[in-house]
Amino acid sequence: MDAAEAIHQKFVAKVGEGKLPRRLVDVQPDAVGLARETMVELFYSQCVSRQMDRLSRKLQARGEGFYTIGSSGHENNAAVAEAFRADDMAFLHYRSNAFQIHRSKKLAGQTPCWDMLLSFAASAEDPISGGRHKVIGSKALAIPPQTSTIASHLPKAVGAAFSIGIARTLKLEDTPLARDSVVLCSFGDASANHSTAQGAFNAAAWAAYQGTPMPLVFLCEDNGIGISTRTPRGWIEATFRDRPALEYVRCSGLDMADAYRGAAEAAHYARTRRRPVFLHMDCVRLYGHAGSDVQSTYLTKALIEEDEERDPLVYSAALLAEQGVVSGKDMLEIYGEAEATLARIAEQAIARPKLTTSKEVMASIVPPKRAPAIANTPSSEDRKALFARDLSMMDKPQHMARLLSWTIADLMLAHRNIIVAGEDVGRKGGVYNVTAKLHERFGPARVIDTLLDEQTILGLGIGAAHNGLLALTEIQFLAYVHNAEDQIRGEAATLSFFSNGQYTNPMVIRIAGLGYQKGFGGHFHNDNSLAVFRDIPGIVLACPSNGADAVQMLRECVRLALEEQRVVVFVEPIALYMTRDLHEEGDALWTSIYAAPGEAKPIRIGEIAVHGDGTDLAIVSYANGYYLSRQAERILREQHGIASRVIDLRWLAPLNEDALIEATKGCGRILVVDECRRTGSQSEALMALFAERAPDIPCRRIAAEDSFIPLGRAATITLPSRDSIVAAALELVRG
């Protein structure tokens with residue numbers, strides 16, 4: 001017999017015959033503030049969740065339902081929902097159907113059954129994802145959708161909780177999360193072992209240990225198994241009971257009253273003490289992991305039957321009977337009514353429209369624009385006060401690092417909701433002094449030294465965006481982003497897609513990167529691959545080559561985040577931070593005078609730069625490659641009589657293909673210079689573009705070798721150089 005049907009029949013028989021088990025805990029509902037009417041409502045939410053699981057399996061068998069993970073055995077998520085406010089943001093585990101069903105009762109006009117069945121049927125009218133995935137989520141109920149299976153949502157829950165205190169300190173009004181809000185995030189016992197989850201637990205406790213407000217409840221739904229691997233008995237409690245600065249609360253997810261007690265205790269502690277809580281809730285997994293998973297392939301019959309006897313819905317019925325709240329007959333009527341109602345609604349839901357075109361599928365990759373917040377317009381006195389110690393330098397040409405520092409300061413002055421976060425960005429001013437003086441000027445609430453964990457840094461940015469803050473997060477070196485790349489791909493970039501544009505997490509991720517450093521390098525500080533960003537739908541990838549462009553491009557990145565809700569990666573070439581000269585020592589051609597806001601023409605997304613108007617050759621590059629190409633262009637012109645133009649891409653994603661084709665029009669040859677590795681680099685896409693749209697123009701590329709970068713004098717051997725660019729150009733033009 002199908003497992004769902006077997007458990008269904010056991011429930012009906014036990015309730016119908018009155019053969020209900022004794023409760024596992026002696027917690028009286030009235031002692032924990034659980035009213036009789038509330039218990040009935042909770043039981044109804046649990047029945048709906050259980051029947052929804054049964055129905056989803058039937059829909060899948062008919063080909064009308066799709067991949068889903070059941071919530072059976074986790075029905076006391078409804079009791080957790082009862083213990084929290086409807087505006088407490090909840091980042092939920094995939095077995096939390098009962099939570100959303102019950103929370104909907106706290107807000108008028110909600111139709112959770114209809115909404116969730118539209119999601120089950122992948123209908124384009126699904127109000128949360130628009131038919132893109134079966135997710136638990138609701139904008140009205142403050143439940144951002146999650147598709148994570150490995151707790152990658154925990155870092156952003158930490159960021160959201162952290163942002164509440166920051167917003168309060170900055171006296172920001174009308175933030176999405178109230179000043180006394182609590183953030184809830186739930187996950188399974190197996191996911192608690194993941195490095196992402198461990199980093200989140202550590203970050204929350206690390207902050208709380210120092211007195212930083214962290215109103216966060218980690219809900220571990222411990223069913224004792226992760227897919228097919230059993231969690232060692234007692235492991236979760238042993239691991240989390242005595243962690244510093246992390247309160248531990250345990251409750252039984254098999255008992256309605258005790259689950260409510262534990263959740264209420266955790267919520268109260270987090271709300272009043274503003275400190276994190278680990279709520280350990282024992283559960284049971286019924287049916288199997290997901291979809292076609294068959295437990296009998298890895299669990300004995302005895303273990304399966306033992307779990308089936310721990311059905312929380314049966315224990316809820318026992319509680320109601322014990323308290324004399326509802327008779328067995330009435331309980332079965334509630335259970336049957338839920339089944340009939342869902343079956344009726346499902347037939348309507350599966351008939352609703354589906355996504356049918358790629359345009360419809362992709363419509364929410366790029367978030368919808370919103371009216372920009374009115375920026376503060378600083379007075380000249382404000383700016384003079386801000387830059388008092390720099391005024392003597394601001395009318396003189398400066399290198400990129402200093403120009404970026406002033407740009408960030410001006411942006412923070414104009415937008416009170418901007419924060420800067422990363423390792424060593426505070427008093428030290430960053431490894432390369434780009435955030436110098438910001439801590440002194442804006443204080444520790446806006447310039448935040450984080451712990452050494454890239455997942456936490458990015459999670460802070462994602463979570464802060466949920467509360468109306470814009471984080472300029474800094475990753476010290478490009479190679480370090482690989483420690484946390486799923487925070488960009490699996491969390492930041494997918495949120496708009498899976499919420500149909502209702503939820504966004506605008507942020508600007510500043511990353512120092514690329515090669516050509518002198519004196520400080522090796523592969524971990526000289527990483528020359530941007531491939532990790534190039535295949536993520538929806539993100540913006542910007543890479544300036546000089547200080548003047550960096551100023552205007554960073555301002556555009558912030559505009560994109562504030563007005564267009566975009567996730568932006570801003571890669572700053574380390575080797576060009578302090579570069580002043582282009583051709584000869586002392587020429588200062590790679591420096592610029594700082595353009596205060598409004599004093600220079602903006603550089604909008606997709607705008608490329610063209611130096612020269614020669615037609616013999618077009619050299620296409622970016623960052624260090626553009627800098628070296630400018631050097632090569634003079635040699636080609638003065639020593640070889642070749643008239644060329646050098647094109648700076650600036651924006652690597654999305655690539656403005658039309659502008660690039662227009663910029664190379666009329667040129668006899670095209671040379672692509674790419675400082676990233678030959679395999680997976682921008683040059684591959686550029687070569688394909690020119691082959692498709694300019695097939696009559698000979699084109700070749702010079703790129704870095706497929707090698708890691710060594711240290712010392714050999715650091716640039718595998719990279720393009722001025723001379724190798726000249727040689728490639730001569731070969732291309734003259735054969």
# chains A, B, ... in the order shown; residues from 1 in each chain; ligands from 1
>>> residues_around(residues="Leu184 (chain A)", least_positions_apart="6", cutoff="6 Å", atoms="only C-alpha atoms", output="CSV table (one decimal) with all heavy atoms, in the first residue's frame")
chain,number,residue,atom,x,y,z
A,90,ALA,N,9.6,35.3,7.9
A,90,ALA,CA,9.9,33.8,8.0
A,90,ALA,C,10.6,33.3,6.8
A,90,ALA,O,9.9,33.3,5.7
A,90,ALA,CB,8.6,33.1,8.4
A,216,LEU,N,16.6,36.7,16.3
A,216,LEU,CA,16.5,35.7,15.3
A,216,LEU,C,16.2,34.3,16.0
A,216,LEU,O,16.8,34.0,17.0
A,216,LEU,CB,17.8,35.6,14.6
A,216,LEU,CG,18.1,34.5,13.6
A,216,LEU,CD1,17.1,34.5,12.4
A,216,LEU,CD2,19.5,34.6,13.0
A,217,VAL,N,15.3,33.6,15.4
A,217,VAL,CA,15.0,32.2,15.9
A,217,VAL,C,15.4,31.2,14.8
A,217,VAL,O,14.8,31.3,13.7
A,217,VAL,CB,13.6,32.1,16.3
A,217,VAL,CG1,13.3,30.6,16.7
A,217,VAL,CG2,13.2,33.0,17.5
>>> select_by_dssp(residues="region 502-661 of chain A", states="alpha helix (DSSP H)", output="ChimeraX atom specification")
/A:531-534,547-564,623-640,657-661
>>> residues_around(residues="region 224-236 of chain A", least_positions_apart="2", cutoff="12 Å", atoms="only C-alpha atoms", output="number ranges by chain")
A: 69, 73, 149-150, 187-194, 219-222, 238-243, 248-250, 278-300, 303-304, 307
>>> residues_around(residues="region 705-712 of chain A", least_positions_apart="4", cutoff="10 Å", atoms="only C-alpha atoms", output="MDAnalysis selection string")
chainID A and resid 515:529 675:680 716:720
>>> write_last_selection(atoms="C-alpha atoms", output="JSON list (two decimals), in the first residue's frame")
[["chain", "number", "residue", "atom", "x", "y", "z"],
["A", 515, "GLY", "CA", 45.84, 39.91, -11.93],
["A", 516, "TYR", "CA", 48.99, 41.95, -12.51],
["A", 517, "GLN", "CA", 49.70, 42.73, -8.87],
["A", 518, "LYS", "CA", 53.29, 43.46, -7.96],
["A", 519, "GLY", "CA", 54.69, 42.17, -4.71],
["A", 520, "PHE", "CA", 51.56, 40.57, -3.28],
["A", 521, "GLY", "CA", 50.02, 37.75, -5.19],
["A", 522, "GLY", "CA", 49.75, 34.09, -5.78],
["A", 523, "HIS", "CA", 46.58, 32.48, -7.06],
["A", 524, "PHE", "CA", 44.46, 33.41, -4.04],
["A", 525, "HIS", "CA", 45.07, 37.15, -4.47],
["A", 526, "ASN", "CA", 45.50, 37.21, -8.25],
["A", 527, "ASP", "CA", 42.48, 35.37, -9.56],
["A", 528, "ASN", "CA", 41.75, 36.07, -13.20],
["A", 529, "SER", "CA", 38.41, 34.39, -13.84],
["A", 675, "GLU", "CA", 43.15, 39.04, -19.09],
["A", 676, "CYS", "CA", 40.97, 36.17, -17.89],
["A", 677, "ARG", "CA", 41.74, 32.56, -18.66],
["A", 678, "ARG", "CA", 41.16, 31.34, -22.18],
["A", 679, "THR", "CA", 38.59, 28.77, -21.05],
["A", 680, "GLY", "CA", 35.43, 30.31, -19.65],
["A", 716, "THR", "CA", 52.49, 37.90, -15.23],
["A", 717, "ILE", "CA", 54.03, 35.28, -17.52],
["A", 718, "THR", "CA", 50.69, 33.61, -18.29],
["A", 719, "LEU", "CA", 48.85, 36.91, -18.81],
["A", 720, "PRO", "CA", 48.57, 39.20, -21.85]]
>>> atom_distance(atom1="CA of Glu564 (chain A)", atom2="CA of Leu530 (chain A)")
23.2 Å
>>> select_by_dssp(residues="region 198-330 of chain A", states="strand (DSSP E or B)", output="NGL selection string")
:A and (216-222 or 225-226 or 229-230 or 247-252 or 277-282)
>>> residues_around(residues="region 492-500 of chain A", least_positions_apart="2", cutoff="6 Å", atoms="only C-alpha atoms", output="PDB file with C-alpha atoms, in the first residue's frame")
ATOM      1  CA  ILE A 128       4.123  33.697  -5.230  1.00  0.00           C
ATOM      2  CA  SER A 129       6.281  32.221  -8.017  1.00  0.00           C
ATOM      3  CA  GLY A 130       4.089  32.687 -11.067  1.00  0.00           C
ATOM      4  CA  SER A 364      10.901  38.080 -13.416  1.00  0.00           C
ATOM      5  CA  ILE A 365      14.652  37.487 -13.742  1.00  0.00           C
ATOM      6  CA  PRO A 367      13.135  42.807 -11.042  1.00  0.00           C
ATOM      7  CA  ILE A 488      24.879  35.126  -5.258  1.00  0.00           C
ATOM      8  CA  ARG A 489      23.597  32.422  -7.569  1.00  0.00           C
ATOM      9  CA  GLY A 490      21.212  30.421  -5.397  1.00  0.00           C
ATOM     10  CA  GLN A 502       7.572  40.596  -5.473  1.00  0.00           C
ATOM     11  CA  TYR A 503      10.711  40.111  -3.396  1.00  0.00           C
ATOM     12  CA  THR A 504      14.065  41.586  -4.371  1.00  0.00           C
TER      13      THR A 504
END
>>> residues_around(residues="Asp2 (chain A)", least_positions_apart="2", cutoff="10 Å", atoms="only C-alpha atoms", output="MDAnalysis selection string")
chainID A and resid 4:8 57 287 294
>>> write_last_selection(atoms="N, CA and C atoms", output="short mmCIF file (atom, residue, chain, number, x, y, z; two decimals), in the first residue's frame")
data_model
loop_
_atom_site.label_atom_id
_atom_site.label_comp_id
_atom_site.auth_asym_id
_atom_site.auth_seq_id
_atom_site.Cartn_x
_atom_site.Cartn_y
_atom_site.Cartn_z
N ALA A 4 1.38 7.03 2.04
CA ALA A 4 0.42 8.07 2.42
C ALA A 4 -0.94 7.48 2.74
N GLU A 5 -1.34 6.50 1.93
CA GLU A 5 -2.65 5.87 2.16
C GLU A 5 -2.64 5.05 3.44
N ALA A 6 -1.53 4.38 3.72
CA ALA A 6 -1.44 3.58 4.94
C ALA A 6 -1.55 4.46 6.18
N ILE A 7 -0.85 5.59 6.17
CA ILE A 7 -0.89 6.50 7.32
C ILE A 7 -2.27 7.13 7.45
N HIS A 8 -2.88 7.44 6.33
CA HIS A 8 -4.25 7.98 6.32
C HIS A 8 -5.22 6.99 6.98
N ARG A 57 0.39 13.94 -4.09
CA ARG A 57 0.85 12.65 -4.62
C ARG A 57 -0.11 12.15 -5.69
N TYR A 287 6.26 9.26 4.93
CA TYR A 287 6.23 9.05 3.47
C TYR A 287 7.60 8.85 2.83
N VAL A 294 11.52 6.17 -1.99
CA VAL A 294 10.90 5.04 -1.30
C VAL A 294 11.75 4.69 -0.09
#
>>> closest_residue(among="A:Leu413, A:Ala321, A:Leu560, A:Ile350", to="Arg62 (chain A)", atoms="only C-alpha atoms")
A:Ile350
>>> closest_residue(among="A:Glu37, A:Asp382, A:Glu308, A:Asp486", to="Gln323 (chain A)", atoms="only C-alpha atoms")
A:Glu37
>>> residues_around(residues="Lys665 (chain A)", least_positions_apart="3", cutoff="10 Å", atoms="only C-alpha atoms", output="CSV table (one decimal) with all heavy atoms, in the first residue's frame")
chain,number,residue,atom,x,y,z
A,615,THR,N,40.9,52.8,-38.2
A,615,THR,CA,40.1,51.7,-38.9
A,615,THR,C,40.8,50.5,-39.3
A,615,THR,O,40.3,49.5,-39.7
A,615,THR,CB,39.4,52.3,-40.2
A,615,THR,OG1,40.5,52.8,-41.0
A,615,THR,CG2,38.4,53.4,-39.9
A,618,ALA,N,40.4,47.2,-34.5
A,618,ALA,CA,39.7,47.5,-33.2
A,618,ALA,C,40.2,46.6,-32.2
A,618,ALA,O,40.1,45.3,-32.4
A,618,ALA,CB,38.2,47.4,-33.5
A,659,ALA,N,25.9,48.0,-29.2
A,659,ALA,CA,26.9,49.1,-29.1
A,659,ALA,C,28.3,48.6,-29.5
A,659,ALA,O,29.1,49.3,-30.1
A,659,ALA,CB,27.0,49.6,-27.6
A,660,LEU,N,28.6,47.4,-29.2
A,660,LEU,CA,29.9,46.8,-29.5
A,660,LEU,C,30.1,46.6,-31.0
A,660,LEU,O,31.1,47.0,-31.6
A,660,LEU,CB,30.2,45.5,-28.8
A,660,LEU,CG,31.5,44.9,-28.8
A,660,LEU,CD1,32.6,45.9,-28.4
A,660,LEU,CD2,31.6,43.7,-27.9
A,661,ILE,N,29.1,46.1,-31.6
A,661,ILE,CA,29.1,46.0,-33.1
A,661,ILE,C,29.2,47.3,-33.8
A,661,ILE,O,30.0,47.5,-34.7
A,661,ILE,CB,27.8,45.2,-33.6
A,661,ILE,CG1,27.8,43.8,-33.1
A,661,ILE,CG2,27.7,45.2,-35.1
A,661,ILE,CD1,29.0,42.9,-33.5
A,662,GLU,N,28.5,48.3,-33.2
A,662,GLU,CA,28.5,49.6,-33.8
A,662,GLU,C,29.9,50.2,-33.6
A,662,GLU,O,30.5,50.9,-34.6
A,662,GLU,CB,27.5,50.5,-33.1
A,662,GLU,CG,27.4,52.0,-33.7
A,662,GLU,CD,27.0,52.0,-35.1
A,662,GLU,OE1,26.3,51.1,-35.6
A,662,GLU,OE2,27.4,53.0,-35.8
A,668,GLY,N,39.0,47.1,-40.1
A,668,GLY,CA,39.4,45.9,-40.9
A,668,GLY,C,39.7,44.7,-40.2
A,668,GLY,O,39.6,43.6,-40.7
A,669,ARG,N,40.0,44.8,-38.9
A,669,ARG,CA,40.3,43.6,-38.1
A,669,ARG,C,39.8,43.9,-36.6
A,669,ARG,O,39.7,45.1,-36.2
A,669,ARG,CB,41.8,43.4,-38.0
A,669,ARG,CG,42.5,43.2,-39.3
A,669,ARG,CD,42.2,41.8,-39.9
A,669,ARG,NE,43.0,41.5,-41.1
A,669,ARG,CZ,42.8,41.9,-42.3
A,669,ARG,NH1,41.7,42.6,-42.6
A,669,ARG,NH2,43.5,41.5,-43.3
A,670,ILE,N,39.6,42.8,-35.9
A,670,ILE,CA,39.2,42.9,-34.5
A,670,ILE,C,40.1,42.0,-33.7
A,670,ILE,O,40.3,40.8,-34.0
A,670,ILE,CB,37.7,42.5,-34.3
A,670,ILE,CG1,36.8,43.4,-35.0
A,670,ILE,CG2,37.4,42.5,-32.8
A,670,ILE,CD1,35.3,43.0,-35.0
A,694,ALA,N,29.4,39.8,-37.2
A,694,ALA,CA,30.4,40.5,-38.1
A,694,ALA,C,31.3,39.4,-38.7
A,694,ALA,O,32.5,39.5,-38.6
A,694,ALA,CB,31.2,41.5,-37.3
A,697,ILE,N,34.6,40.2,-40.9
A,697,ILE,CA,35.8,40.9,-40.3
A,697,ILE,C,36.7,39.9,-39.6
A,697,ILE,O,36.2,39.2,-38.7
A,697,ILE,CB,35.3,42.0,-39.3
A,697,ILE,CG1,34.4,43.0,-39.9
A,697,ILE,CG2,36.5,42.7,-38.7
A,697,ILE,CD1,33.8,44.0,-38.9
>>> closest_atom_pairs(of="region 478-563 of chain A", to="region 620-633 of chain A", cutoff="9 Å", atoms="only C-alpha atoms", output="tab-separated table")
residue	atom	partner	partner_atom	distance
A:Leu514	CA	A:Asn624	CA	8.1
A:Gly515	CA	A:Asn624	CA	8.0
A:Tyr516	CA	A:Asn624	CA	7.8
A:Cys543	CA	A:Ala623	CA	6.3
A:Pro544	CA	A:Ala623	CA	5.7
A:Ser545	CA	A:Ala623	CA	3.9
A:Asn546	CA	A:Ala623	CA	7.6
>>> atom_distance(atom1="CA of Ala3 (chain A)", atom2="CA of Lys58 (chain A)")
12.4 Å
